[in-house]
>>> print(open('run-v3.txt').read())   # compact mmCIF, N, CA and C atoms
# COMPACT_ATOMS: atom_id res chain seq x y z
N MET A 1195 153.62 193.09 -39.23
CA MET A 1195 152.93 191.93 -38.75
C MET A 1195 152.82 191.91 -37.24
N ALA A 1196 153.74 192.52 -36.56
CA ALA A 1196 153.74 192.49 -35.12
C ALA A 1196 152.78 193.51 -34.53
N GLN A 1197 152.26 194.39 -35.35
CA GLN A 1197 151.36 195.40 -34.82
C GLN A 1197 149.93 194.86 -34.77
N SER A 1198 149.23 195.22 -33.69
CA SER A 1198 147.86 194.75 -33.49
C SER A 1198 146.90 195.90 -33.73
N ALA A 1199 145.74 195.59 -34.27
CA ALA A 1199 144.74 196.61 -34.53
C ALA A 1199 143.92 196.90 -33.27
N VAL A 1200 143.93 195.99 -32.31
CA VAL A 1200 143.15 196.15 -31.08
C VAL A 1200 144.09 196.54 -29.96
N GLN A 1201 143.76 197.64 -29.31
CA GLN A 1201 144.58 198.10 -28.20
C GLN A 1201 144.17 197.36 -26.92
N PRO A 1202 145.12 196.96 -26.11
CA PRO A 1202 144.76 196.28 -24.85
C PRO A 1202 144.09 197.26 -23.89
N THR A 1203 143.09 196.77 -23.19
CA THR A 1203 142.39 197.60 -22.21
C THR A 1203 142.64 197.03 -20.82
N ALA A 1204 142.51 197.88 -19.84
CA ALA A 1204 142.70 197.43 -18.46
C ALA A 1204 141.49 196.60 -18.02
N ALA A 1205 141.77 195.46 -17.41
CA ALA A 1205 140.69 194.60 -16.92
C ALA A 1205 140.05 195.25 -15.70
N PRO A 1206 138.72 195.18 -15.62
CA PRO A 1206 138.06 195.76 -14.44
C PRO A 1206 138.45 194.97 -13.19
N THR A 1207 138.66 195.70 -12.12
CA THR A 1207 139.05 195.04 -10.87
C THR A 1207 137.81 194.80 -10.02
N ALA A 1208 137.76 193.66 -9.38
CA ALA A 1208 136.64 193.32 -8.51
C ALA A 1208 136.95 193.79 -7.09
N GLU A 1209 135.97 194.42 -6.47
CA GLU A 1209 136.12 194.88 -5.10
C GLU A 1209 135.10 194.14 -4.23
N PRO A 1210 135.52 193.65 -3.06
CA PRO A 1210 134.57 192.96 -2.19
C PRO A 1210 133.51 193.92 -1.65
N MET A 1211 132.31 193.39 -1.44
CA MET A 1211 131.24 194.20 -0.87
C MET A 1211 131.53 194.47 0.60
N LYS A 1212 131.18 195.64 1.05
CA LYS A 1212 131.36 196.00 2.45
C LYS A 1212 130.02 195.87 3.15
N LEU A 1213 129.93 194.90 4.07
CA LEU A 1213 128.71 194.70 4.83
C LEU A 1213 128.88 195.29 6.22
N PRO A 1214 127.94 196.10 6.64
CA PRO A 1214 128.05 196.66 7.99
C PRO A 1214 127.80 195.58 9.04
N ILE A 1215 128.47 195.71 10.17
CA ILE A 1215 128.33 194.74 11.26
C ILE A 1215 126.88 194.67 11.72
N GLY A 1216 126.19 195.79 11.70
CA GLY A 1216 124.79 195.82 12.12
C GLY A 1216 123.89 194.93 11.29
N ALA A 1217 124.27 194.66 10.04
CA ALA A 1217 123.47 193.79 9.18
C ALA A 1217 123.77 192.32 9.44
N ILE A 1218 124.96 192.02 9.91
CA ILE A 1218 125.37 190.63 10.13
C ILE A 1218 125.07 190.17 11.55
N ALA A 1219 125.15 191.07 12.52
CA ALA A 1219 125.04 190.71 13.93
C ALA A 1219 123.75 189.96 14.29
N PRO A 1220 122.56 190.38 13.86
CA PRO A 1220 121.36 189.62 14.23
C PRO A 1220 121.38 188.19 13.70
N TRP A 1221 121.88 187.99 12.49
CA TRP A 1221 121.95 186.64 11.93
C TRP A 1221 122.99 185.80 12.65
N ALA A 1222 124.09 186.41 13.05
CA ALA A 1222 125.13 185.68 13.78
C ALA A 1222 124.61 185.24 15.15
N VAL A 1223 123.86 186.11 15.82
CA VAL A 1223 123.27 185.75 17.12
C VAL A 1223 122.25 184.64 16.93
N PHE A 1224 121.41 184.74 15.93
CA PHE A 1224 120.39 183.72 15.65
C PHE A 1224 121.03 182.36 15.39
N VAL A 1225 122.03 182.32 14.53
CA VAL A 1225 122.71 181.06 14.22
C VAL A 1225 123.42 180.51 15.46
N GLY A 1226 124.03 181.38 16.26
CA GLY A 1226 124.70 180.94 17.48
C GLY A 1226 123.73 180.31 18.47
N VAL A 1227 122.58 180.94 18.67
CA VAL A 1227 121.57 180.38 19.59
C VAL A 1227 121.03 179.06 19.04
N LEU A 1228 120.79 179.00 17.75
CA LEU A 1228 120.31 177.77 17.13
C LEU A 1228 121.32 176.63 17.31
N MET A 1229 122.60 176.92 17.14
CA MET A 1229 123.63 175.89 17.32
C MET A 1229 123.70 175.44 18.78
N LEU A 1230 123.54 176.36 19.73
CA LEU A 1230 123.54 175.97 21.14
C LEU A 1230 122.35 175.08 21.49
N VAL A 1231 121.19 175.39 20.94
CA VAL A 1231 120.01 174.56 21.17
C VAL A 1231 120.22 173.17 20.57
N LEU A 1232 120.75 173.10 19.36
CA LEU A 1232 121.02 171.80 18.74
C LEU A 1232 122.06 171.02 19.54
N LEU A 1233 123.09 171.70 20.01
CA LEU A 1233 124.10 171.03 20.82
C LEU A 1233 123.50 170.50 22.11
N TYR A 1234 122.60 171.26 22.71
CA TYR A 1234 121.94 170.78 23.93
C TYR A 1234 121.14 169.51 23.66
N PHE A 1235 120.33 169.53 22.60
CA PHE A 1235 119.49 168.37 22.33
C PHE A 1235 120.31 167.15 21.95
N VAL A 1236 121.42 167.34 21.24
CA VAL A 1236 122.25 166.20 20.87
C VAL A 1236 123.07 165.72 22.05
N GLY A 1237 123.59 166.63 22.86
CA GLY A 1237 124.54 166.23 23.88
C GLY A 1237 124.00 166.06 25.27
N ALA A 1238 122.93 166.78 25.64
CA ALA A 1238 122.55 166.78 27.05
C ALA A 1238 121.08 166.51 27.30
N GLU A 1239 120.28 166.33 26.30
CA GLU A 1239 118.84 166.12 26.49
C GLU A 1239 118.58 164.70 26.94
N GLN A 1240 118.87 164.47 28.18
CA GLN A 1240 118.64 163.17 28.80
C GLN A 1240 119.09 163.28 30.24
N GLY A 1241 118.39 162.73 31.13
CA GLY A 1241 118.81 162.76 32.52
C GLY A 1241 118.24 163.91 33.31
N ALA A 1242 119.04 164.46 34.22
CA ALA A 1242 118.57 165.46 35.18
C ALA A 1242 118.16 166.77 34.51
N THR A 1243 118.80 167.15 33.41
CA THR A 1243 118.48 168.42 32.76
C THR A 1243 117.48 168.27 31.63
N SER A 1244 116.81 167.15 31.54
CA SER A 1244 115.90 166.87 30.44
C SER A 1244 114.72 167.83 30.41
N LEU A 1245 114.46 168.42 29.26
CA LEU A 1245 113.30 169.28 29.07
C LEU A 1245 112.11 168.50 28.53
N VAL A 1246 112.39 167.40 27.84
CA VAL A 1246 111.36 166.58 27.24
C VAL A 1246 111.42 165.20 27.89
N SER A 1247 110.30 164.72 28.40
CA SER A 1247 110.31 163.41 29.05
C SER A 1247 110.28 162.30 28.01
N GLY A 1248 110.78 161.15 28.41
CA GLY A 1248 110.77 159.99 27.53
C GLY A 1248 112.06 159.84 26.75
N GLU A 1249 112.07 158.89 25.85
CA GLU A 1249 113.25 158.57 25.06
C GLU A 1249 113.15 159.06 23.61
N GLY A 1250 112.12 159.82 23.27
CA GLY A 1250 111.91 160.25 21.89
C GLY A 1250 113.05 161.08 21.33
N VAL A 1251 113.48 162.08 22.07
CA VAL A 1251 114.57 162.95 21.60
C VAL A 1251 115.86 162.14 21.49
N HIS A 1252 116.10 161.28 22.45
CA HIS A 1252 117.32 160.46 22.42
C HIS A 1252 117.36 159.60 21.16
N GLU A 1253 116.25 159.01 20.79
CA GLU A 1253 116.21 158.16 19.61
C GLU A 1253 116.41 158.97 18.33
N TRP A 1254 115.90 160.20 18.29
CA TRP A 1254 116.05 161.04 17.10
C TRP A 1254 117.50 161.49 16.90
N VAL A 1255 118.22 161.73 17.97
CA VAL A 1255 119.58 162.26 17.85
C VAL A 1255 120.65 161.23 18.20
N HIS A 1256 120.28 159.97 18.28
CA HIS A 1256 121.19 158.92 18.71
C HIS A 1256 122.46 158.85 17.84
N ASP A 1257 122.31 158.81 16.53
CA ASP A 1257 123.48 158.70 15.65
C ASP A 1257 124.33 159.96 15.68
N ALA A 1258 123.69 161.12 15.76
CA ALA A 1258 124.45 162.36 15.84
C ALA A 1258 125.24 162.41 17.13
N ARG A 1259 124.67 161.86 18.19
CA ARG A 1259 125.34 161.81 19.48
C ARG A 1259 126.64 161.01 19.36
N HIS A 1260 126.59 159.86 18.72
CA HIS A 1260 127.79 159.05 18.54
C HIS A 1260 128.78 159.73 17.59
N LEU A 1261 128.27 160.35 16.54
CA LEU A 1261 129.13 161.01 15.56
C LEU A 1261 129.94 162.13 16.22
N LEU A 1262 129.33 162.86 17.16
CA LEU A 1262 130.01 163.96 17.83
C LEU A 1262 130.79 163.52 19.06
N GLY A 1263 130.72 162.23 19.40
CA GLY A 1263 131.52 161.71 20.50
C GLY A 1263 130.87 161.78 21.86
N PHE A 1264 129.56 161.99 21.93
CA PHE A 1264 128.85 162.00 23.21
C PHE A 1264 128.49 160.57 23.58
N PRO A 1265 128.84 160.13 24.77
CA PRO A 1265 128.43 158.78 25.19
C PRO A 1265 126.95 158.78 25.57
N CYS A 1266 126.27 157.72 25.22
CA CYS A 1266 124.86 157.65 25.60
C CYS A 1266 124.48 156.27 26.12
N HIS A 1267 125.32 155.28 25.96
CA HIS A 1267 125.03 153.97 26.53
C HIS A 1267 126.31 153.20 26.69
>>> encode(input="run-v3.txt", output="structure tokens")
Amino acid sequence: MAQSAVQPTAAPTAEPMKLPIGAIAPWAVFVGVLMLVLLYFVGAEQGATSLVSGEGVHEWVHDARHLLGFPCH
């Protein structure tokens, strides 16, 4: 009764994929530049360094500015 008709087999092992740095680097640079641009518009797009005149950008990012702790008024 203790004998089994099915023999246990070794479970296949999963191996992580190896991605070359050359494939990741352009995307990492792109995301980094995008984050810096977003940080600029949320945190500094107003005043002496303003690239866009008026209050339009300030109104669009007003809540994000408060959420990230940037003072604006």
>>> atom_distance(input="run-v3.txt", atom1="atom C of A:His1256", atom2="atom N of A:Ala1238")
11.1 Å
>>> closest_residue(input="run-v3.txt", among="A:Gly1226, A:Pro1202, A:Pro1210, A:Gly1237", to="A:Val1255", atoms="all atoms listed in the file")
A:Gly1237
>>> select_by_dssp(input="run-v3.txt", residues="chain A", states="alpha helix (DSSP H)", output="ChimeraX atom specification")
/A:1215-1237,1250-1254,1256-1261
>>> axis_aligned_box(input="run-v3.txt", around="stretch 1225-1232 of chain A", padding_each_side="6 Å", output="AutoDock Vina command-line options")
--center_x 122.4 --center_y 176.7 --center_z 17.9 --size_x 16.7 --size_y 23.3 --size_z 19.3
>>> atom_distance(input="run-v3.txt", atom1="atom CA of A:Ala1217", atom2="atom CA of A:Leu1233")
25.6 Å
>>> atom_distance(input="run-v3.txt", atom1="atom C of A:Trp1254", atom2="atom C of A:Tyr1234")
11.1 Å
>>> closest_residue(input="run-v3.txt", among="A:His1252, A:Leu1230, A:Pro1206, A:Gly1216", to="A:His1267", atoms="only C-alpha atoms")
A:His1252
>>> residues_around(input="run-v3.txt", residues="A:Val1236", least_positions_apart="6", cutoff="7 Å", atoms="all atoms listed in the file", output="JSON, numbers by chain")
{"A": [1255, 1258, 1259, 1264]}
>>> build_atoms(input="run-v3.txt", residues="stretch 1219-1230 of chain A", atoms="all heavy atoms", output="PDB file, in the frame of the given file")
ATOM      1  N   ALA A1219     125.150 191.070  12.520  1.00  0.00           N
ATOM      2  CA  ALA A1219     125.040 190.710  13.930  1.00  0.00           C
ATOM      3  C   ALA A1219     123.750 189.960  14.290  1.00  0.00           C
ATOM      4  O   ALA A1219     123.821 188.932  14.975  1.00  0.00           O
ATOM      5  CB  ALA A1219     125.200 191.944  14.805  1.00  0.00           C
ATOM      6  N   PRO A1220     122.560 190.380  13.860  1.00  0.00           N
ATOM      7  CA  PRO A1220     121.360 189.620  14.230  1.00  0.00           C
ATOM      8  C   PRO A1220     121.380 188.190  13.700  1.00  0.00           C
ATOM      9  O   PRO A1220     120.958 187.262  14.394  1.00  0.00           O
ATOM     10  CB  PRO A1220     120.206 190.409  13.604  1.00  0.00           C
ATOM     11  CG  PRO A1220     120.738 191.768  13.360  1.00  0.00           C
ATOM     12  CD  PRO A1220     122.207 191.615  13.140  1.00  0.00           C
ATOM     13  N   TRP A1221     121.880 187.990  12.490  1.00  0.00           N
ATOM     14  CA  TRP A1221     121.950 186.640  11.930  1.00  0.00           C
ATOM     15  C   TRP A1221     122.990 185.800  12.650  1.00  0.00           C
ATOM     16  O   TRP A1221     122.789 184.604  12.870  1.00  0.00           O
ATOM     17  CB  TRP A1221     122.253 186.700  10.432  1.00  0.00           C
ATOM     18  CG  TRP A1221     121.090 187.209   9.661  1.00  0.00           C
ATOM     19  CD1 TRP A1221     120.939 188.466   9.144  1.00  0.00           C
ATOM     20  CD2 TRP A1221     119.897 186.498   9.369  1.00  0.00           C
ATOM     21  NE1 TRP A1221     119.718 188.551   8.536  1.00  0.00           N
ATOM     22  CE2 TRP A1221     119.058 187.361   8.645  1.00  0.00           C
ATOM     23  CE3 TRP A1221     119.449 185.212   9.634  1.00  0.00           C
ATOM     24  CZ2 TRP A1221     117.811 186.980   8.191  1.00  0.00           C
ATOM     25  CZ3 TRP A1221     118.201 184.831   9.176  1.00  0.00           C
ATOM     26  CH2 TRP A1221     117.396 185.711   8.466  1.00  0.00           C
ATOM     27  N   ALA A1222     124.090 186.410  13.050  1.00  0.00           N
ATOM     28  CA  ALA A1222     125.130 185.680  13.780  1.00  0.00           C
ATOM     29  C   ALA A1222     124.610 185.240  15.150  1.00  0.00           C
ATOM     30  O   ALA A1222     124.851 184.112  15.582  1.00  0.00           O
ATOM     31  CB  ALA A1222     126.371 186.545  13.930  1.00  0.00           C
ATOM     32  N   VAL A1223     123.860 186.110  15.820  1.00  0.00           N
ATOM     33  CA  VAL A1223     123.270 185.750  17.120  1.00  0.00           C
ATOM     34  C   VAL A1223     122.250 184.640  16.930  1.00  0.00           C
ATOM     35  O   VAL A1223     122.213 183.667  17.700  1.00  0.00           O
ATOM     36  CB  VAL A1223     122.639 186.990  17.785  1.00  0.00           C
ATOM     37  CG1 VAL A1223     121.812 186.597  18.994  1.00  0.00           C
ATOM     38  CG2 VAL A1223     123.719 187.979  18.167  1.00  0.00           C
ATOM     39  N   PHE A1224     121.410 184.740  15.930  1.00  0.00           N
ATOM     40  CA  PHE A1224     120.390 183.720  15.650  1.00  0.00           C
ATOM     41  C   PHE A1224     121.030 182.360  15.390  1.00  0.00           C
ATOM     42  O   PHE A1224     120.617 181.346  15.961  1.00  0.00           O
ATOM     43  CB  PHE A1224     119.524 184.145  14.466  1.00  0.00           C
ATOM     44  CG  PHE A1224     118.573 183.070  14.002  1.00  0.00           C
ATOM     45  CD1 PHE A1224     117.470 182.746  14.777  1.00  0.00           C
ATOM     46  CD2 PHE A1224     118.782 182.406  12.820  1.00  0.00           C
ATOM     47  CE1 PHE A1224     116.587 181.762  14.355  1.00  0.00           C
ATOM     48  CE2 PHE A1224     117.921 181.425  12.393  1.00  0.00           C
ATOM     49  CZ  PHE A1224     116.808 181.102  13.167  1.00  0.00           C
ATOM     50  N   VAL A1225     122.030 182.320  14.530  1.00  0.00           N
ATOM     51  CA  VAL A1225     122.710 181.060  14.220  1.00  0.00           C
ATOM     52  C   VAL A1225     123.420 180.510  15.460  1.00  0.00           C
ATOM     53  O   VAL A1225     123.400 179.306  15.708  1.00  0.00           O
ATOM     54  CB  VAL A1225     123.690 181.246  13.040  1.00  0.00           C
ATOM     55  CG1 VAL A1225     124.577 180.035  12.857  1.00  0.00           C
ATOM     56  CG2 VAL A1225     122.912 181.527  11.765  1.00  0.00           C
ATOM     57  N   GLY A1226     124.030 181.380  16.260  1.00  0.00           N
ATOM     58  CA  GLY A1226     124.700 180.940  17.480  1.00  0.00           C
ATOM     59  C   GLY A1226     123.730 180.310  18.470  1.00  0.00           C
ATOM     60  O   GLY A1226     124.009 179.244  19.039  1.00  0.00           O
ATOM     61  N   VAL A1227     122.580 180.940  18.670  1.00  0.00           N
ATOM     62  CA  VAL A1227     121.570 180.380  19.590  1.00  0.00           C
ATOM     63  C   VAL A1227     121.030 179.060  19.040  1.00  0.00           C
ATOM     64  O   VAL A1227     120.852 178.088  19.787  1.00  0.00           O
ATOM     65  CB  VAL A1227     120.429 181.404  19.825  1.00  0.00           C
ATOM     66  CG1 VAL A1227     119.251 180.760  20.528  1.00  0.00           C
ATOM     67  CG2 VAL A1227     120.951 182.584  20.601  1.00  0.00           C
ATOM     68  N   LEU A1228     120.790 179.000  17.750  1.00  0.00           N
ATOM     69  CA  LEU A1228     120.310 177.770  17.130  1.00  0.00           C
ATOM     70  C   LEU A1228     121.320 176.630  17.310  1.00  0.00           C
ATOM     71  O   LEU A1228     120.943 175.496  17.635  1.00  0.00           O
ATOM     72  CB  LEU A1228     120.027 177.994  15.650  1.00  0.00           C
ATOM     73  CG  LEU A1228     119.421 176.834  14.885  1.00  0.00           C
ATOM     74  CD1 LEU A1228     118.048 176.490  15.437  1.00  0.00           C
ATOM     75  CD2 LEU A1228     119.323 177.185  13.416  1.00  0.00           C
ATOM     76  N   MET A1229     122.600 176.920  17.140  1.00  0.00           N
ATOM     77  CA  MET A1229     123.630 175.890  17.320  1.00  0.00           C
ATOM     78  C   MET A1229     123.700 175.440  18.780  1.00  0.00           C
ATOM     79  O   MET A1229     123.880 174.244  19.056  1.00  0.00           O
ATOM     80  CB  MET A1229     124.997 176.412  16.879  1.00  0.00           C
ATOM     81  CG  MET A1229     125.126 176.609  15.394  1.00  0.00           C
ATOM     82  SD  MET A1229     124.970 175.077  14.495  1.00  0.00           S
ATOM     83  CE  MET A1229     123.506 175.398  13.547  1.00  0.00           C
ATOM     84  N   LEU A1230     123.540 176.360  19.730  1.00  0.00           N
ATOM     85  CA  LEU A1230     123.540 175.970  21.140  1.00  0.00           C
ATOM     86  C   LEU A1230     122.350 175.080  21.490  1.00  0.00           C
ATOM     87  O   LEU A1230     122.485 174.121  22.244  1.00  0.00           O
ATOM     88  CB  LEU A1230     123.562 177.210  22.032  1.00  0.00           C
ATOM     89  CG  LEU A1230     124.887 177.957  22.082  1.00  0.00           C
ATOM     90  CD1 LEU A1230     124.739 179.239  22.885  1.00  0.00           C
ATOM     91  CD2 LEU A1230     125.976 177.082  22.662  1.00  0.00           C
TER      92      LEU A1230
END
